[in-house]
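Structure data follow from data_21.cif (mmCIF, C-alpha atoms and all ligand atoms):
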data_upload
#
loop_
_atom_site.group_PDB
_atom_site.id
_atom_site.type_symbol
_atom_site.label_atom_id
_atom_site.label_comp_id
_atom_site.auth_asym_id
_atom_site.auth_seq_id
_atom_site.Cartn_x
_atom_site.Cartn_y
_atom_site.Cartn_z
ATOM 1 C CA MET A 1 -160.619 170.340 -125.051
ATOM 2 C CA SER A 2 -159.478 169.926 -121.454
ATOM 3 C CA ASP A 3 -163.040 169.372 -120.238
ATOM 4 C CA GLN A 4 -163.810 166.726 -122.800
ATOM 5 C CA LEU A 5 -165.725 163.913 -121.195
ATOM 6 C CA PRO A 6 -164.283 160.406 -121.298
ATOM 7 C CA ALA A 7 -165.595 157.851 -123.751
ATOM 8 C CA CYS A 8 -168.107 155.320 -122.488
ATOM 9 C CA PRO A 9 -166.235 152.498 -120.692
ATOM 10 C CA GLU A 10 -168.870 150.028 -121.893
ATOM 11 C CA CYS A 11 -169.250 150.709 -125.586
ATOM 12 C CA HIS A 12 -166.490 153.274 -126.134
ATOM 13 C CA GLU A 13 -168.770 155.740 -127.907
ATOM 14 C CA GLU A 14 -167.871 159.346 -127.298
ATOM 15 C CA TYR A 15 -171.291 160.897 -126.844
ATOM 16 C CA THR A 16 -170.942 161.033 -123.081
ATOM 17 C CA TYR A 17 -172.918 163.717 -121.275
ATOM 18 C CA GLU A 18 -173.193 164.754 -117.658
ATOM 19 C CA SER A 19 -176.332 164.018 -115.688
ATOM 20 C CA GLY A 20 -176.014 165.382 -112.176
ATOM 21 C CA ALA A 21 -173.056 163.639 -110.556
ATOM 22 C CA LEU A 22 -172.984 160.907 -113.151
ATOM 23 C CA LEU A 23 -171.765 160.543 -116.678
ATOM 24 C CA VAL A 24 -174.210 158.965 -119.077
ATOM 25 C CA CYS A 25 -173.728 157.274 -122.417
ATOM 26 C CA PRO A 26 -176.755 157.776 -124.654
ATOM 27 C CA MET A 27 -175.651 154.979 -126.945
ATOM 28 C CA CYS A 28 -175.887 152.067 -124.504
ATOM 29 C CA GLY A 29 -177.431 153.747 -121.455
ATOM 30 C CA HIS A 30 -174.420 153.096 -119.215
ATOM 31 C CA GLU A 31 -174.126 155.456 -116.267
ATOM 32 C CA TRP A 32 -170.994 155.823 -114.197
ATOM 33 C CA SER A 33 -169.367 158.129 -111.707
ATOM 34 C CA PRO A 34 -166.709 160.384 -113.183
ATOM 35 C CA GLU A 35 -164.868 160.289 -109.848
ATOM 36 C CA VAL A 36 -163.749 156.732 -110.560
ATOM 37 C CA ALA A 37 -161.984 157.900 -113.673
ATOM 38 C CA VAL A 38 -160.424 160.853 -111.876
ATOM 39 C CA GLU A 39 -159.050 158.605 -109.152
ATOM 40 C CA THR A 40 -157.523 156.335 -111.730
ATOM 41 C CA GLU A 41 -155.818 159.235 -113.417
ATOM 42 C CA ALA A 42 -154.527 160.594 -110.109
ATOM 43 C CA THR A 43 -152.695 157.369 -109.406
ATOM 44 C CA PRO A 44 -149.071 157.797 -110.406
ATOM 45 C CA ALA A 45 -148.569 156.161 -113.747
ATOM 46 C CA VAL A 46 -145.970 153.640 -112.690
ATOM 47 C CA ALA A 47 -145.227 151.290 -115.494
ATOM 48 C CA VAL A 48 -145.504 147.780 -114.148
ATOM 49 C CA ILE A 49 -142.804 145.550 -115.500
ATOM 50 C CA ARG A 50 -143.430 141.827 -115.290
ATOM 51 C CA ASP A 51 -141.133 138.885 -115.769
ATOM 52 C CA ALA A 52 -141.686 135.973 -118.144
ATOM 53 C CA VAL A 53 -144.288 134.379 -115.890
ATOM 54 C CA GLY A 54 -146.077 137.529 -114.781
ATOM 55 C CA ASN A 55 -144.370 138.382 -111.485
ATOM 56 C CA VAL A 56 -144.085 142.112 -110.936
ATOM 57 C CA LEU A 57 -140.443 143.168 -110.873
ATOM 58 C CA THR A 58 -139.022 145.914 -108.715
ATOM 59 C CA ASP A 59 -135.674 147.638 -108.421
ATOM 60 C CA GLY A 60 -133.147 145.511 -106.599
ATOM 61 C CA ASP A 61 -134.764 142.192 -107.455
ATOM 62 C CA THR A 62 -132.734 139.124 -108.282
ATOM 63 C CA VAL A 63 -133.784 137.345 -111.442
ATOM 64 C CA THR A 64 -132.663 134.346 -113.427
ATOM 65 C CA VAL A 65 -132.463 134.187 -117.198
ATOM 66 C CA VAL A 66 -135.047 131.783 -118.619
ATOM 67 C CA ARG A 67 -133.422 131.103 -121.960
ATOM 68 C CA ASP A 68 -130.038 131.402 -123.622
ATOM 69 C CA LEU A 69 -129.424 134.930 -124.820
ATOM 70 C CA LYS A 70 -126.985 135.764 -127.555
ATOM 71 C CA VAL A 71 -125.057 138.873 -126.702
ATOM 72 C CA LYS A 72 -124.546 141.120 -129.675
ATOM 73 C CA GLY A 73 -120.963 142.225 -130.046
ATOM 74 C CA ALA A 74 -119.673 140.253 -127.092
ATOM 75 C CA GLY A 75 -119.731 136.987 -128.975
ATOM 76 C CA GLY A 76 -121.094 135.142 -126.021
ATOM 77 C CA VAL A 77 -124.260 133.632 -124.723
ATOM 78 C CA ILE A 78 -125.889 134.358 -121.400
ATOM 79 C CA LYS A 79 -126.853 130.864 -120.315
ATOM 80 C CA VAL A 80 -130.301 129.959 -119.132
ATOM 81 C CA GLY A 81 -130.325 129.983 -115.334
ATOM 82 C CA THR A 82 -127.810 132.810 -115.031
ATOM 83 C CA LYS A 83 -128.591 134.721 -111.881
ATOM 84 C CA VAL A 84 -128.664 138.487 -112.134
ATOM 85 C CA THR A 85 -128.796 140.431 -108.906
ATOM 86 C CA ASP A 86 -129.868 143.971 -108.114
ATOM 87 C CA ILE A 87 -131.707 144.788 -111.333
ATOM 88 C CA ARG A 88 -132.845 148.276 -112.137
ATOM 89 C CA LEU A 89 -136.043 148.872 -114.058
ATOM 90 C CA LEU A 90 -135.881 151.293 -116.949
ATOM 91 C CA GLU A 91 -138.813 153.618 -117.450
ATOM 92 C CA ASP A 92 -137.941 154.317 -121.033
ATOM 93 C CA ALA A 93 -137.442 150.869 -122.416
ATOM 94 C CA VAL A 94 -135.550 150.822 -125.668
ATOM 95 C CA ASP A 95 -136.739 148.105 -127.988
ATOM 96 C CA GLY A 96 -138.343 146.222 -125.105
ATOM 97 C CA HIS A 97 -135.182 146.181 -123.016
ATOM 98 C CA ASP A 98 -136.643 147.362 -119.737
ATOM 99 C CA ILE A 99 -134.136 146.032 -117.211
ATOM 100 C CA ASP A 100 -130.676 147.380 -116.538
ATOM 101 C CA ALA A 101 -128.425 144.902 -114.774
ATOM 102 C CA ARG A 102 -124.915 143.665 -114.268
ATOM 103 C CA VAL A 103 -124.695 140.222 -115.793
ATOM 104 C CA PRO A 104 -121.873 138.059 -114.423
ATOM 105 C CA GLY A 105 -119.199 137.749 -117.085
ATOM 106 C CA PHE A 106 -120.756 140.349 -119.344
ATOM 107 C CA GLY A 107 -121.030 143.489 -117.278
ATOM 108 C CA ASN A 108 -123.725 146.078 -117.433
ATOM 109 C CA MET A 109 -126.381 145.521 -120.040
ATOM 110 C CA GLN A 110 -130.050 145.866 -120.744
ATOM 111 C CA LEU A 111 -132.307 142.853 -120.684
ATOM 112 C CA LYS A 112 -135.886 142.270 -121.651
ATOM 113 C CA SER A 113 -138.186 141.467 -118.755
ATOM 114 C CA SER A 114 -139.703 138.730 -120.939
ATOM 115 C CA VAL A 115 -136.520 136.647 -120.707
ATOM 116 C CA VAL A 116 -136.074 136.669 -116.940
ATOM 117 C CA LYS A 117 -137.869 135.174 -113.991
ATOM 118 C CA LYS A 118 -137.905 136.627 -110.531
ATOM 119 C CA ALA A 119 -135.833 134.558 -108.129
ATOM 120 C CA THR A 120 -137.666 133.527 -104.997
HETATM 121 ZN ZN ZN B 1 -171.929 153.356 -123.931
#
Using the file provided, produce a representation of the structure as structure tokens.
Ligand SMILES: [Zn+2]
Amino acid sequence: MSDQLPACPECHEEYTYESGALLVCPMCGHEWSPEVAVETEATPAVAVIRDAVGNVLTDGDTVTVVRDLKVKGAGGVIKVGTKVTDIRLLEDAVDGHDIDARVPGFGNMQLKSSVVKKAT
């Protein structure tokens, strides 16, 4: 199945066939170049992690917490506006917690990117 042709990007039917250098969908007549798809696949699959407002986060960024966060077990609350420096992005997010960071007063913990905003 390794040479299975991709589904039509227009109508998503899977009756794609090759016609010369192009791929053709007989269902909607869409023709496209398979090289586009290959290039996309060749790009390293870096998971883009965005903050609460859509900024792309990168390792080492400083972020601020955008809402109070109850900390399980610690009995405390990370206050909105808390600045967290030098974050590390986690590739294998557990339960949506995709940032590893040292939070002042709480130590190392995982945060969700949806509750932080990149500091500018
Ligand atoms: Zn199609």
Query - Selection within 7 Å of ligand ZN 1 (chain B) by all atoms listed in the file, output as a PyMOL selection string - result: chain A and resi 8-13+25-30
Report task. Rank A:Asp98, A:Glu31, A:Asp61, A:Glu91 by their smallest atom-to-atom distance to Gln110 (chain A), using all atoms listed in the file, and report the top residue only. Result -> A:Asp98
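Once the PyMOL selection byres (((chain A and resi 49-57) around 9) and not hetatm) is applied to this file, the selection holds Ala47, Val48, Thr58, Asp59, Gly60, Asp61, Val63, Val66, Ile87, Leu89, Asp98, Ile99, Lys112, Ser113, Ser114, Val115, Val116, Lys117 and Lys118 of chain A.
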Query raised in the report: If the PyMOL selection byres (((chain A and resi 101-106) around 6) and not hetatm) is run on the structure shown, which residues does it catch, given as an MDAnalysis selection string?
Result: chainID A and resid 84 87 100 107:109
Query raised in the report: From the list A:Val94, A:Val24, A:Leu69, A:Gln4, which residue is nearest Thr82 (chain A) when using all atoms listed in the file?
Result: A:Leu69
Requested in this report: Decode the PyMOL selection byres (((chain A and resi 81) around 8) and not hetatm) for the given file into explicit residues and return them as number ranges by chain.
Outcome: A: 64-67, 79-80, 82-83
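Coordinates place CA of Ala93 (chain A) at a distance of 17.7 Å from CA of Lys72 (chain A).
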Report summary line: Here CA of Leu22 (chain A) and CA of Ala7 (chain A) stand apart by 13.3 Å
Report task. Rank nothing, just name the residue among A:Asp95, A:Asp68, A:Asp86, A:Glu18 nearest to Pro34 (chain A), using only C-alpha atoms. Result ->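 Between A:Asp95, A:Asp68, A:Asp86, A:Glu18, the residue approaching Pro34 (chain A) most closely is A:Glu18.
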Query raised in the report: Looking at A:Thr120, A:Leu111, A:Leu23, A:Thr16, which one is nearest to Val71 (chain A), with distances taken over all atoms listed in the file?
Result: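 Using all atoms listed in the file, Val71 (chain A) sits closest to A:Leu111.
Reported to one decimal place, the separation of CA of Val77 (chain A) from CA of Ala119 (chain A) is 20.3 Å.
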